[in-house]
file query-v2.txt (compact mmCIF, C-alpha atoms and all ligand atoms)
# COMPACT_ATOMS: atom_id res chain seq x y z
CA MET T 9 25.90 4.96 9.71
CA PRO T 10 23.38 7.55 11.02
CA LEU T 11 22.62 10.54 8.75
CA ARG T 12 22.67 14.15 9.96
CA ALA T 13 19.59 16.39 9.71
CA ASN T 14 19.79 19.24 7.23
CA GLY T 15 16.17 20.44 7.01
CA ASP T 16 14.97 23.81 8.23
CA PRO T 17 13.53 23.10 11.73
CA ARG T 18 10.65 25.59 11.20
CA ARG T 19 9.66 23.66 8.08
CA ARG T 20 9.99 20.44 10.06
CA ARG T 21 7.39 21.56 12.53
CA ARG T 22 4.86 23.09 10.12
CA GLY T 23 5.82 22.00 6.62
CA GLY T 24 6.25 24.68 3.94
CA TYR T 25 2.95 24.11 2.14
CA PRO T 26 2.43 26.64 -0.68
CA ALA T 27 -1.31 26.62 0.13
CA ARG T 28 -3.42 25.17 2.93
CA TYR T 29 -6.39 23.06 1.90
CA SER T 30 -9.47 24.04 3.91
CA ALA T 31 -13.00 25.32 3.33
CA ALA T 32 -11.85 28.90 4.08
CA GLY T 33 -8.81 28.43 1.80
CA LEU T 34 -11.06 27.19 -1.01
CA PHE T 35 -13.28 30.24 -0.60
CA ARG T 36 -10.29 32.64 -0.58
CA GLN T 37 -8.74 30.96 -3.60
CA GLY T 38 -12.04 31.21 -5.48
CA LEU T 39 -12.22 34.95 -4.79
CA SER T 40 -8.58 35.51 -5.77
CA ARG T 41 -9.18 34.02 -9.26
CA LYS T 42 -5.62 32.72 -9.18
CA GLN T 43 -4.48 29.21 -10.08
CA TRP T 44 -3.80 26.92 -7.13
CA PRO T 45 -0.05 26.55 -6.58
CA ARG T 46 1.39 23.21 -7.69
CA ALA T 47 0.89 20.52 -5.06
CA TRP T 48 4.54 19.47 -5.35
CA ALA T 49 7.44 21.38 -6.88
CA HIS T 50 9.55 20.60 -9.96
CA HIS T 51 13.33 20.87 -9.63
CA PRO T 52 16.31 20.12 -11.82
CA VAL T 53 18.06 16.91 -10.76
CA ARG T 54 20.92 17.71 -8.35
CA ARG T 55 24.22 15.96 -8.92
CA SER T 56 24.22 14.74 -5.33
CA TYR T 57 21.68 13.89 -2.61
CA ASP T 58 22.05 12.47 0.89
CA VAL T 59 19.40 9.84 0.10
CA VAL T 60 18.01 8.57 -3.20
CA ILE T 61 14.73 6.67 -3.05
CA VAL T 62 13.90 4.52 -6.06
CA GLY T 63 10.14 4.23 -6.55
CA GLY T 64 7.57 7.05 -6.34
CA GLY T 65 4.74 5.01 -4.89
CA VAL T 66 3.29 5.25 -1.41
CA HIS T 67 6.32 3.50 0.16
CA GLY T 68 8.98 5.70 -1.43
CA LEU T 69 7.08 8.95 -0.92
CA ALA T 70 6.14 8.10 2.67
CA ALA T 71 9.79 7.29 3.47
CA ALA T 72 10.83 10.63 1.96
CA TYR T 73 8.13 12.48 3.88
CA TYR T 74 9.04 10.92 7.26
CA LEU T 75 12.78 11.37 6.64
CA ALA T 76 12.18 15.09 6.29
CA ALA T 77 9.31 15.57 8.75
CA ASN T 78 10.53 13.26 11.56
CA HIS T 79 14.31 13.40 11.15
CA GLY T 80 15.07 16.69 9.36
CA ILE T 81 16.75 14.86 6.46
CA SER T 82 15.44 16.64 3.39
CA ASN T 83 18.29 16.49 0.87
CA VAL T 84 16.41 13.55 -0.59
CA ALA T 85 15.36 12.60 -4.14
CA VAL T 86 12.49 10.29 -5.03
CA LEU T 87 12.90 8.85 -8.53
CA ASP T 88 10.21 7.17 -10.56
CA LYS T 89 10.56 5.85 -14.08
CA GLY T 90 6.93 6.80 -14.77
CA TYR T 91 4.62 9.15 -12.88
CA ILE T 92 4.14 8.91 -9.12
CA GLY T 93 1.61 6.26 -8.12
CA SER T 94 1.74 4.63 -11.56
CA GLY T 95 2.75 1.24 -10.13
CA GLY T 96 1.12 -0.77 -7.36
CA SER T 97 0.02 2.35 -5.44
CA GLY T 98 -2.42 3.32 -8.17
CA ARG T 99 -3.45 -0.23 -9.10
CA ASN T 100 -4.44 -1.83 -5.80
CA THR T 101 -8.03 -2.17 -4.58
CA ALA T 102 -7.45 0.32 -1.73
CA ILE T 103 -8.30 -2.04 1.13
CA LEU T 104 -6.78 -1.35 4.56
CA ARG T 105 -6.78 -3.80 7.46
CA SER T 106 -4.60 -5.21 10.22
CA ASN T 107 -6.26 -8.62 10.82
CA TYR T 108 -3.13 -10.63 10.03
CA LEU T 109 -2.05 -14.03 11.31
CA THR T 110 1.32 -13.50 13.03
CA PRO T 111 1.87 -11.17 16.01
CA GLU T 112 4.68 -9.47 14.03
CA GLY T 113 2.35 -8.84 11.09
CA VAL T 114 -0.58 -7.66 13.23
CA ARG T 115 1.59 -5.15 15.15
CA PHE T 116 3.09 -3.84 11.94
CA TYR T 117 -0.15 -3.40 9.95
CA ASN T 118 -1.93 -2.02 13.00
CA ARG T 119 0.62 0.79 13.21
CA SER T 120 -0.13 1.48 9.54
CA VAL T 121 -3.88 1.71 10.21
CA GLN T 122 -3.13 4.12 13.08
CA LEU T 123 -1.02 6.32 10.79
CA TYR T 124 -3.69 6.17 8.09
CA GLN T 125 -6.31 7.29 10.62
CA ARG T 126 -4.51 10.58 11.17
CA LEU T 127 -3.05 11.01 7.70
CA ALA T 128 -5.62 13.51 6.39
CA THR T 129 -4.84 15.86 9.28
CA GLU T 130 -1.10 15.26 9.19
CA LEU T 131 -0.82 15.87 5.44
CA ASP T 132 -3.58 18.49 5.15
CA TYR T 133 -5.04 16.30 2.39
CA ASN T 134 -8.37 14.47 2.26
CA VAL T 135 -7.45 10.80 1.81
CA MET T 136 -11.05 9.65 2.38
CA PHE T 137 -10.30 6.79 4.77
CA SER T 138 -13.59 5.01 5.40
CA GLN T 139 -13.37 2.47 8.25
CA ARG T 140 -16.47 0.60 7.23
CA GLY T 141 -15.55 -2.86 8.51
CA HIS T 142 -13.97 -5.84 6.77
CA LEU T 143 -15.42 -9.36 6.52
CA THR T 144 -13.39 -12.43 5.55
CA LEU T 145 -15.86 -15.22 4.81
CA ALA T 146 -15.27 -18.82 5.89
CA HIS T 147 -16.80 -21.51 3.67
CA SER T 148 -15.24 -24.55 5.37
CA ASP T 149 -14.37 -25.78 8.87
CA ALA T 150 -10.68 -25.36 8.03
CA SER T 151 -11.05 -21.68 7.14
CA LEU T 152 -13.26 -21.10 10.19
CA ARG T 153 -10.40 -22.47 12.32
CA THR T 154 -7.95 -20.05 10.66
CA MET T 155 -10.39 -17.16 11.29
CA ARG T 156 -10.57 -18.10 15.00
CA TRP T 157 -6.80 -18.24 15.16
CA ARG T 158 -6.49 -14.85 13.49
CA ALA T 159 -9.14 -13.37 15.80
CA GLU T 160 -7.23 -14.55 18.88
CA VAL T 161 -3.85 -13.25 17.61
CA ASN T 162 -5.51 -9.95 16.67
CA LYS T 163 -7.14 -9.51 20.08
CA ALA T 164 -3.89 -10.33 21.86
CA GLN T 165 -2.30 -7.42 19.94
CA GLY T 166 -5.20 -5.08 20.77
CA VAL T 167 -6.75 -5.27 17.28
CA ASP T 168 -10.52 -5.47 17.00
CA SER T 169 -11.47 -8.75 15.22
CA GLU T 170 -13.99 -11.46 16.03
CA VAL T 171 -15.58 -14.49 14.40
CA ILE T 172 -19.28 -14.03 13.65
CA GLY T 173 -21.95 -16.45 12.38
CA PRO T 174 -23.96 -16.41 9.13
CA ALA T 175 -26.94 -14.53 10.65
CA GLU T 176 -24.69 -11.65 11.73
CA VAL T 177 -22.99 -11.71 8.29
CA LYS T 178 -26.42 -11.41 6.67
CA ARG T 179 -27.31 -8.49 8.95
CA LEU T 180 -24.15 -6.66 7.83
CA VAL T 181 -24.50 -7.57 4.13
CA PRO T 182 -28.16 -8.24 3.27
CA PHE T 183 -27.36 -8.93 -0.41
CA LEU T 184 -25.06 -11.83 0.41
CA ASP T 185 -26.34 -15.36 -0.20
CA VAL T 186 -25.78 -17.07 3.16
CA SER T 187 -28.26 -19.90 2.52
CA THR T 188 -27.16 -23.50 3.00
CA ALA T 189 -28.17 -24.08 -0.64
CA ALA T 190 -25.25 -21.95 -1.85
CA ARG T 191 -22.49 -23.89 -3.61
CA TYR T 192 -20.00 -22.68 -0.96
CA PRO T 193 -22.21 -21.88 2.06
CA VAL T 194 -21.01 -19.13 4.39
CA LEU T 195 -20.24 -20.81 7.74
CA GLY T 196 -19.07 -17.60 9.42
CA ALA T 197 -16.63 -14.73 8.98
CA LEU T 198 -13.76 -12.88 10.57
CA TYR T 199 -15.22 -9.44 11.25
CA HIS T 200 -12.66 -6.63 11.56
CA PRO T 201 -14.44 -3.29 12.20
CA PRO T 202 -11.37 -0.99 11.74
CA GLY T 203 -10.75 -2.29 8.20
CA GLY T 204 -11.96 -0.28 5.25
CA ILE T 205 -11.03 1.52 2.07
CA ILE T 206 -9.20 4.73 1.21
CA ARG T 207 -8.61 6.91 -1.86
CA HIS T 208 -5.26 5.48 -2.93
CA ASP T 209 -4.30 8.26 -5.38
CA ALA T 210 -4.94 10.83 -2.67
CA VAL T 211 -2.53 9.02 -0.34
CA VAL T 212 0.22 9.19 -2.99
CA TRP T 213 -0.47 12.84 -3.79
CA GLY T 214 -0.72 13.78 -0.12
CA TYR T 215 2.68 12.25 0.69
CA ALA T 216 4.20 13.84 -2.43
CA ARG T 217 2.89 17.26 -1.44
CA GLY T 218 4.03 16.80 2.17
CA ALA T 219 7.51 15.61 1.16
CA SER T 220 7.91 18.44 -1.34
CA ALA T 221 6.81 21.00 1.26
CA HIS T 222 9.66 19.74 3.46
CA GLY T 223 12.20 20.20 0.66
CA VAL T 224 12.33 16.71 -0.91
CA HIS T 225 12.83 16.59 -4.71
CA ILE T 226 10.47 14.37 -6.69
CA HIS T 227 11.73 13.40 -10.15
CA GLN T 228 9.18 11.67 -12.36
CA ASN T 229 10.10 10.02 -15.68
CA THR T 230 13.57 9.44 -14.27
CA GLU T 231 14.63 5.82 -14.61
CA VAL T 232 17.43 4.26 -12.59
CA THR T 233 19.73 2.39 -14.98
CA GLY T 234 22.57 1.45 -12.62
CA ILE T 235 23.82 1.63 -9.04
CA ASP T 236 27.49 2.38 -8.33
CA VAL T 237 28.93 0.20 -5.61
CA ALA T 238 32.61 0.30 -4.64
CA ALA T 239 34.31 -1.53 -1.78
CA GLY T 240 30.98 -2.91 -0.58
CA ARG T 241 29.17 0.41 -0.31
CA VAL T 242 26.88 2.57 -2.40
CA ARG T 243 28.42 5.60 -4.16
CA GLY T 244 25.64 6.74 -6.46
CA VAL T 245 23.02 5.94 -9.06
CA LYS T 246 22.94 6.24 -12.84
CA THR T 247 19.64 7.56 -14.16
CA SER T 248 18.06 8.65 -17.41
CA GLY T 249 18.47 12.19 -16.00
CA GLY T 250 22.22 11.81 -15.36
CA ASP T 251 24.42 10.42 -12.60
CA ILE T 252 23.71 11.22 -8.95
CA ALA T 253 26.22 10.79 -6.13
CA THR T 254 24.74 9.45 -2.89
CA GLY T 255 25.68 7.25 0.04
CA VAL T 256 22.17 5.89 0.62
CA VAL T 257 19.81 4.23 -1.88
CA LEU T 258 16.43 2.89 -0.79
CA ASN T 259 14.83 0.38 -3.15
CA ALA T 260 11.10 1.03 -2.64
CA THR T 261 9.88 -0.48 -5.88
CA ALA T 262 7.23 -3.14 -6.46
CA GLY T 263 7.38 -5.27 -9.56
CA TRP T 264 10.92 -4.17 -10.37
CA SER T 265 12.47 -4.77 -6.94
CA THR T 266 14.72 -7.62 -8.08
CA LEU T 267 15.94 -5.66 -11.12
CA ILE T 268 16.96 -2.71 -8.94
CA ALA T 269 18.52 -4.97 -6.29
CA ASP T 270 20.49 -6.80 -9.01
CA MET T 271 22.04 -3.44 -9.97
CA ALA T 272 23.54 -3.27 -6.47
CA GLY T 273 24.56 -6.94 -6.57
CA VAL T 274 21.95 -7.96 -3.97
CA SER T 275 19.93 -11.08 -4.70
CA LEU T 276 16.34 -11.17 -3.39
CA PRO T 277 14.16 -14.27 -2.89
CA VAL T 278 11.30 -12.69 -4.84
CA THR T 279 9.20 -13.71 -7.84
CA THR T 280 6.83 -11.33 -9.60
CA SER T 281 3.25 -12.12 -10.67
CA PRO T 282 0.42 -9.93 -11.95
CA LEU T 283 -2.69 -9.35 -9.84
CA GLN T 284 -5.79 -8.23 -11.71
CA ALA T 285 -8.71 -6.09 -10.60
CA ALA T 286 -11.87 -4.63 -12.12
CA VAL T 287 -14.42 -1.89 -11.51
CA THR T 288 -18.12 -1.73 -12.44
CA GLU T 289 -20.44 1.08 -13.37
CA PRO T 290 -21.76 2.96 -10.32
CA VAL T 291 -24.87 1.56 -8.64
CA LYS T 292 -26.92 2.70 -5.64
CA PRO T 293 -25.04 2.29 -2.34
CA PHE T 294 -25.83 -1.18 -0.97
CA LEU T 295 -22.53 -2.55 0.32
CA SER T 296 -21.19 -0.90 3.42
CA THR T 297 -18.38 -3.33 4.31
CA VAL T 298 -15.43 -4.87 2.49
CA ILE T 299 -16.07 -8.54 1.68
CA VAL T 300 -13.36 -11.11 1.08
CA SER T 301 -13.74 -14.77 0.18
CA GLY T 302 -10.44 -16.60 -0.13
CA THR T 303 -12.25 -19.80 -1.19
CA LEU T 304 -14.05 -18.06 -4.04
CA HIS T 305 -10.99 -15.93 -4.89
CA VAL T 306 -12.87 -12.66 -4.73
CA TYR T 307 -12.93 -9.44 -2.71
CA VAL T 308 -15.26 -6.53 -3.24
CA SER T 309 -16.01 -3.09 -1.88
CA GLN T 310 -18.20 -0.21 -3.04
CA THR T 311 -16.64 3.20 -3.56
CA ASP T 312 -18.22 6.44 -2.43
CA ARG T 313 -19.21 6.99 -6.08
CA GLY T 314 -21.07 3.65 -6.13
CA GLU T 315 -18.70 1.57 -8.29
CA LEU T 316 -17.91 -1.97 -7.16
CA VAL T 317 -14.18 -2.68 -7.03
CA PHE T 318 -13.28 -6.36 -7.41
CA GLY T 319 -10.12 -8.36 -7.25
CA ALA T 320 -9.22 -12.04 -7.37
CA SER T 321 -6.11 -14.24 -7.17
CA VAL T 322 -2.66 -13.47 -8.51
CA ASP T 323 -2.17 -14.84 -12.02
CA PRO T 324 -0.69 -18.35 -11.80
CA PHE T 325 2.58 -17.45 -13.55
CA THR T 326 5.43 -14.96 -13.20
CA SER T 327 5.26 -12.02 -15.57
CA TYR T 328 5.71 -8.25 -15.80
CA SER T 329 2.51 -7.90 -17.82
CA MET T 330 0.01 -5.34 -16.58
CA ARG T 331 -2.82 -6.20 -18.96
CA GLY T 332 -6.19 -7.61 -18.01
CA SER T 333 -7.32 -10.99 -19.38
CA LEU T 334 -10.65 -12.51 -20.40
CA GLU T 335 -10.01 -15.60 -18.23
CA PHE T 336 -9.76 -13.39 -15.17
CA ILE T 337 -12.97 -11.49 -15.74
CA GLU T 338 -14.95 -14.63 -16.58
CA GLY T 339 -13.72 -16.44 -13.46
CA LEU T 340 -14.32 -13.38 -11.29
CA ALA T 341 -17.88 -12.85 -12.60
CA GLY T 342 -18.79 -16.48 -11.82
CA HIS T 343 -17.52 -16.21 -8.27
CA VAL T 344 -19.15 -12.84 -7.61
CA LEU T 345 -22.51 -14.20 -8.72
CA GLN T 346 -22.20 -17.13 -6.34
CA LEU T 347 -21.85 -14.65 -3.50
CA MET T 348 -24.27 -11.98 -4.70
CA PRO T 349 -26.63 -13.31 -7.39
CA ALA T 350 -28.40 -9.92 -7.52
CA LEU T 351 -25.40 -8.39 -9.34
CA GLY T 352 -26.12 -10.30 -12.58
CA LYS T 353 -26.91 -7.17 -14.58
CA VAL T 354 -24.15 -4.86 -13.34
CA ARG T 355 -21.67 -3.98 -16.10
CA VAL T 356 -17.88 -4.06 -15.71
CA LEU T 357 -16.31 -0.81 -16.93
CA ARG T 358 -12.60 -1.48 -16.70
CA GLN T 359 -9.99 -4.04 -15.65
CA TRP T 360 -6.26 -3.74 -15.08
CA ALA T 361 -3.32 -5.45 -13.37
CA GLY T 362 -0.52 -4.55 -10.97
CA LEU T 363 2.64 -6.45 -10.11
CA CYS T 364 3.14 -8.38 -6.87
CA ASP T 365 6.60 -9.29 -5.60
CA MET T 366 6.07 -12.56 -3.76
CA THR T 367 8.41 -13.76 -0.99
CA PRO T 368 8.56 -17.35 0.33
CA ASP T 369 6.74 -16.46 3.59
CA PHE T 370 4.39 -13.72 2.28
CA SER T 371 6.06 -11.12 4.51
CA PRO T 372 8.08 -8.15 3.22
CA ILE T 373 11.86 -7.70 3.12
CA MET T 374 12.90 -4.49 4.89
CA GLY T 375 16.06 -2.87 6.18
CA ASN T 376 19.78 -3.02 5.45
CA THR T 377 21.46 -5.40 3.00
CA PRO T 378 25.02 -6.74 2.73
CA VAL T 379 25.84 -3.66 0.57
CA GLU T 380 26.36 -0.72 2.91
CA GLY T 381 24.00 2.13 2.10
CA PHE T 382 21.68 -0.03 -0.04
CA LEU T 383 18.38 -0.58 1.78
CA VAL T 384 15.26 -2.44 0.73
CA ASP T 385 11.55 -2.02 1.33
CA VAL T 386 10.29 -4.71 -1.02
CA GLY T 387 8.56 -8.10 -1.35
CA TRP T 388 5.09 -6.82 -0.60
CA GLY T 389 3.13 -9.50 -2.40
CA THR T 390 -0.52 -8.47 -2.18
CA TYR T 391 -0.17 -6.39 1.01
CA GLY T 392 1.90 -3.39 -0.08
CA PHE T 393 -0.52 -0.49 -0.10
CA LYS T 394 -1.76 -1.23 3.43
CA ALA T 395 1.78 -0.91 4.73
CA GLY T 396 2.75 2.39 3.07
CA PRO T 397 2.74 4.69 6.13
CA VAL T 398 4.36 2.30 8.62
CA SER T 399 6.98 1.27 6.07
CA GLY T 400 7.80 4.88 5.31
CA GLU T 401 8.04 5.71 9.00
CA ALA T 402 10.21 2.67 9.78
CA MET T 403 12.52 2.97 6.76
CA ALA T 404 13.04 6.67 7.51
CA GLN T 405 14.05 5.72 11.04
CA CYS T 406 16.31 2.96 9.72
CA ILE T 407 18.08 5.41 7.38
CA ALA T 408 18.34 8.14 10.02
CA SER T 409 19.66 5.90 12.79
CA GLY T 410 21.50 3.28 10.71
CA LYS T 411 19.61 0.37 12.25
CA PRO T 412 16.16 -1.17 11.71
CA PRO T 413 13.58 -0.23 14.35
CA GLU T 414 11.97 -3.01 16.39
CA ILE T 415 8.76 -3.04 14.33
CA ILE T 416 10.57 -4.19 11.16
CA ALA T 417 13.29 -6.29 12.80
CA PRO T 418 11.47 -9.58 11.94
CA PHE T 419 11.42 -8.67 8.23
CA GLY T 420 15.17 -8.53 7.52
CA LEU T 421 16.68 -10.17 4.44
CA ASP T 422 18.85 -12.37 6.68
CA ARG T 423 15.77 -14.24 8.01
CA PHE T 424 15.78 -16.52 4.96
CA ALA T 425 19.30 -17.79 5.69
CA ALA T 426 18.46 -18.06 9.41
CA GLY T 427 15.19 -19.93 8.73
CA ALA T 428 13.25 -17.37 10.80
CA LEU T 429 10.32 -16.96 8.43
CA VAL T 430 7.20 -14.93 9.30
CA GLY T 431 4.45 -16.97 7.61
CA GLU T 432 1.63 -14.66 6.57
CA LYS T 433 0.01 -16.69 3.78
CA GLY T 434 -2.95 -17.61 6.01
CA ALA T 435 -3.96 -13.93 6.18
CA ALA T 436 -4.13 -13.46 2.41
CA ALA T 437 -7.35 -12.12 0.94
CA VAL T 438 -6.08 -13.32 -2.38
CA GLY T 439 -5.71 -16.91 -3.55
CA HIS T 440 -2.16 -17.96 -4.43
O1 LIG K 501 -4.72 -8.39 1.54
O2 LIG K 501 -6.64 -7.38 1.78
C1 LIG K 501 -5.72 -7.82 1.09
C2 LIG K 501 -5.77 -7.59 -0.37
C3 LIG K 501 -6.84 -7.25 -1.10
C4 LIG K 501 -6.39 -7.16 -2.39
C5 LIG K 501 -5.07 -7.46 -2.42
N1 LIG K 501 -4.70 -7.71 -1.15
call {"tool": "encode", "arguments": {"input": "query-v2.txt", "output": "structure tokens"}}
result
Amino acid sequence: MPLRANGDPRRRRRGGYPARYSAAGLFRQGLSRKQWPRAWAHHPVRRSYDVVIVGGGVHGLAAAYYLAANHGISNVAVLDKGYIGSGGSGRNTAILRSNYLTPEGVRFYNRSVQLYQRLATELDYNVMFSQRGHLTLAHSDASLRTMRWRAEVNKAQGVDSEVIGPAEVKRLVPFLDVSTAARYPVLGALYHPPGGIIRHDAVVWGYARGASAHGVHIHQNTEVTGIDVAAGRVRGVKTSGGDIATGVVLNATAGWSTLIADMAGVSLPVTTSPLQAAVTEPVKPFLSTVIVSGTLHVYVSQTDRGELVFGASVDPFTSYSMRGSLEFIEGLAGHVLQLMPALGKVRVLRQWAGLCDMTPDFSPIMGNTPVEGFLVDVGWGTYGFKAGPVSGEAMAQCIASGKPPEIIAPFGLDRFAAGALVGEKGAAAVGH
């Protein structure tokens, strides 16, 4: 059922930011000697909301923001059992791209890249999106064929991707070993110029500030412990901060998506595995693109501060553990050195893990469920952060209108029973 707008239309147009972030604003604030106002407000938990969003990561906060900004629905709560961005949104390696394998996937992630491109202006928040180009290396004829396939699908959807040879790869990344003597020689790469990296915390904080300015309530340290369902529809949620009545619950969690769905009696075809990552000490800027090698299970980019951010494959077991392991860092180091032997002396500072909810076809599950008023935006595997803006925009539209918009229609839960899978494994940067 569609929801009615309740937000103040003046706020909808401009947002009610307590302070504007600009060079002039910074100067004025410095002169005033006052504290900056809080970026997002604290509120007591209301006993009822029109919409409750479970999960304060980029997906949940973006959905809240677009509900209020695009549809005037602002009687909305975002609940997180920890602090916002403490799950996958703060643990990913911040890579954005739209060079997927299926037309459905390419269209969807391309819309996300477009929204990311204008996010800093839209949210009045510097999210530091750097479109520095993205290279997926091919080390075998089979992966070169997949790269060609992806390039053609990408181009047909208007996305800039092309297959390039080893000499062009070397020109883009002089430190890369592209010699035929390498253990896994580089035969070519899928080059995707619009891909890049972003400051992931800033994206979370920017959406939180934007949503709050439009009247959304953000409740951190508020765990959902149950979902009330009667006669096939949602009535409310039980939380560590008390019960909340609501007719709409959006499950926008990663890692805990099946546990939340179970509370509503909805079964999801999802398993959860950790994905580890690591960061080095800062070194001089030398790497101006993102590099991915599926064969060597490694991807790497260099931050604006000079650190190298690395990731590898998902751990080969299901678990809710978010700890790093010695096996991971040893395997990663070996693979990195095969690609870039010059990095032998760079020290790793930190490693961590996030949780990936894997679906059978490596595409997400989005939209309505058999329980009326219980919606899902889950099953993101290793692609979740890239999809934050488009998912938020689409789920907001789905809640406001009562039906999934075209762009997420292929990702419904019913596709598994219908056998209409959207196979995206071939576009994974990560080994599985
Ligand atoms: O799909 O680009 C990707 C990716 C990188 C790390 C995790 N997923």
call {"tool": "atom_distance", "arguments": {"input": "query-v2.txt", "atom1": "CA of Phe318 (chain T)", "atom2": "CA of Thr188 (chain T)"}}
result
24.4 Å
call {"tool": "atom_distance", "arguments": {"input": "query-v2.txt", "atom1": "CA of Ser333 (chain T)", "atom2": "CA of Val66 (chain T)"}}
result
26.4 Å
call {"tool": "closest_residue", "arguments": {"input": "query-v2.txt", "among": "T:Pro277, T:Gly362, T:Gly95, T:Gly249", "to": "ligand LIG 501 (chain K)", "atoms": "all atoms listed in the file"}}
result
T:Gly362
call {"tool": "closest_residue", "arguments": {"input": "query-v2.txt", "among": "T:Val300, T:Ala128, T:Val287, T:Val161", "to": "ligand LIG 501 (chain K)", "atoms": "all atoms listed in the file"}}
result
T:Val300
call {"tool": "axis_aligned_box", "arguments": {"input": "query-v2.txt", "around": "region 131-137 of chain T", "padding_each_side": "8 Å", "output": "lines of an AutoDock Vina configuration file"}}
result
center_x = -5.9
center_y = 12.6
center_z = 3.6
size_x = 26.2
size_y = 27.7
size_z = 19.6
call {"tool": "atom_distance", "arguments": {"input": "query-v2.txt", "atom1": "CA of Ser327 (chain T)", "atom2": "CA of Val86 (chain T)"}}
result
25.7 Å
call {"tool": "residues_near_ligand", "arguments": {"input": "query-v2.txt", "ligand": "ligand LIG 501 (chain K)", "cutoff": "10 Å", "atoms": "all atoms listed in the file", "output": "VMD selection string"}}
result
chain T and resid 99 to 108 142 144 203 to 205 283 to 285 298 to 300 306 to 308 318 to 322 364 388 to 394 433 435 to 439
call {"tool": "residues_around", "arguments": {"input": "query-v2.txt", "residues": "region 228-238 of chain T", "least_positions_apart": "6", "cutoff": "6 Å", "atoms": "all atoms listed in the file", "output": "JSON, numbers by chain"}}
result
{"T": [87, 88, 89, 90, 91, 244, 245, 246, 247, 248, 249, 271, 272]}
call {"tool": "write_last_selection", "arguments": {"input": "query-v2.txt", "atoms": "C-alpha atoms", "output": "PDB file, in the frame of the given file"}}
result
ATOM      1  CA  LEU T  87      12.900   8.850  -8.530  1.00  0.00           C
ATOM      2  CA  ASP T  88      10.210   7.170 -10.560  1.00  0.00           C
ATOM      3  CA  LYS T  89      10.560   5.850 -14.080  1.00  0.00           C
ATOM      4  CA  GLY T  90       6.930   6.800 -14.770  1.00  0.00           C
ATOM      5  CA  TYR T  91       4.620   9.150 -12.880  1.00  0.00           C
ATOM      6  CA  GLY T 244      25.640   6.740  -6.460  1.00  0.00           C
ATOM      7  CA  VAL T 245      23.020   5.940  -9.060  1.00  0.00           C
ATOM      8  CA  LYS T 246      22.940   6.240 -12.840  1.00  0.00           C
ATOM      9  CA  THR T 247      19.640   7.560 -14.160  1.00  0.00           C
ATOM     10  CA  SER T 248      18.060   8.650 -17.410  1.00  0.00           C
ATOM     11  CA  GLY T 249      18.470  12.190 -16.000  1.00  0.00           C
ATOM     12  CA  MET T 271      22.040  -3.440  -9.970  1.00  0.00           C
ATOM     13  CA  ALA T 272      23.540  -3.270  -6.470  1.00  0.00           C
TER      14      ALA T 272
END
call {"tool": "residues_around", "arguments": {"input": "query-v2.txt", "residues": "Thr280 (chain T)", "least_positions_apart": "3", "cutoff": "10 Å", "atoms": "only C-alpha atoms", "output": "PyMOL selection string"}}
result
chain T and resi 262-266+283+322-323+325-329+363-367+387+389
call {"tool": "residues_around", "arguments": {"input": "query-v2.txt", "residues": "Ala49 (chain T)", "least_positions_apart": "3", "cutoff": "8 Å", "atoms": "only C-alpha atoms", "output": "ChimeraX atom specification"}}
result
/T:46,220,225-226
call {"tool": "residues_around", "arguments": {"input": "query-v2.txt", "residues": "Gly255 (chain T)", "least_positions_apart": "4", "cutoff": "7 Å", "atoms": "all atoms listed in the file", "output": "PyMOL selection string"}}
result
chain T and resi 58-59+242-244+381
call {"tool": "closest_residue", "arguments": {"input": "query-v2.txt", "among": "T:Ala408, T:Leu357, T:Leu145, T:Ile252", "to": "Leu184 (chain T)", "atoms": "all atoms listed in the file"}}
result
T:Leu145
call {"tool": "closest_residue", "arguments": {"input": "query-v2.txt", "among": "T:Glu432, T:His79, T:Gly98, T:Arg355", "to": "Ala341 (chain T)", "atoms": "only C-alpha atoms"}}
result
T:Arg355
call {"tool": "closest_atom_pairs", "arguments": {"input": "query-v2.txt", "of": "region 57-96 of chain T", "to": "region 118-126 of chain T", "cutoff": "12 Å", "atoms": "all atoms listed in the file", "output": "JSON lines"}}
result
{"residue": "T:Val66", "atom": "CA", "partner": "T:Tyr124", "partner_atom": "CA", "distance": 11.8}
{"residue": "T:His67", "atom": "CA", "partner": "T:Ser120", "partner_atom": "CA", "distance": 11.6}
{"residue": "T:Ala70", "atom": "CA", "partner": "T:Leu123", "partner_atom": "CA", "distance": 11.0}
{"residue": "T:Tyr74", "atom": "CA", "partner": "T:Leu123", "partner_atom": "CA", "distance": 11.6}
call {"tool": "residues_near_point", "arguments": {"input": "query-v2.txt", "point": "(3.7, -11.3, 14.4)", "cutoff": "12 Å", "atoms": "all atoms listed in the file", "output": "PyMOL selection string"}}
result
chain T and resi 106-118+158+161-162+164-165+371+414-419+428-432+435
call {"tool": "residues_around", "arguments": {"input": "query-v2.txt", "residues": "Ala175 (chain T)", "least_positions_apart": "4", "cutoff": "10 Å", "atoms": "only C-alpha atoms", "output": "list of chain:residue names"}}
result
T:Arg179, T:Leu180, T:Val181, T:Pro182, T:Val186, T:Ser187, T:Val194, T:Leu195, T:Gly196
call {"tool": "closest_residue", "arguments": {"input": "query-v2.txt", "among": "T:Pro202, T:Gly80, T:Gly93, T:Pro10", "to": "Ser409 (chain T)", "atoms": "all atoms listed in the file"}}
result
T:Pro10
call {"tool": "closest_residue", "arguments": {"input": "query-v2.txt", "among": "T:Arg153, T:His147, T:Arg140, T:Arg358", "to": "His200 (chain T)", "atoms": "all atoms listed in the file"}}
result
T:Arg140
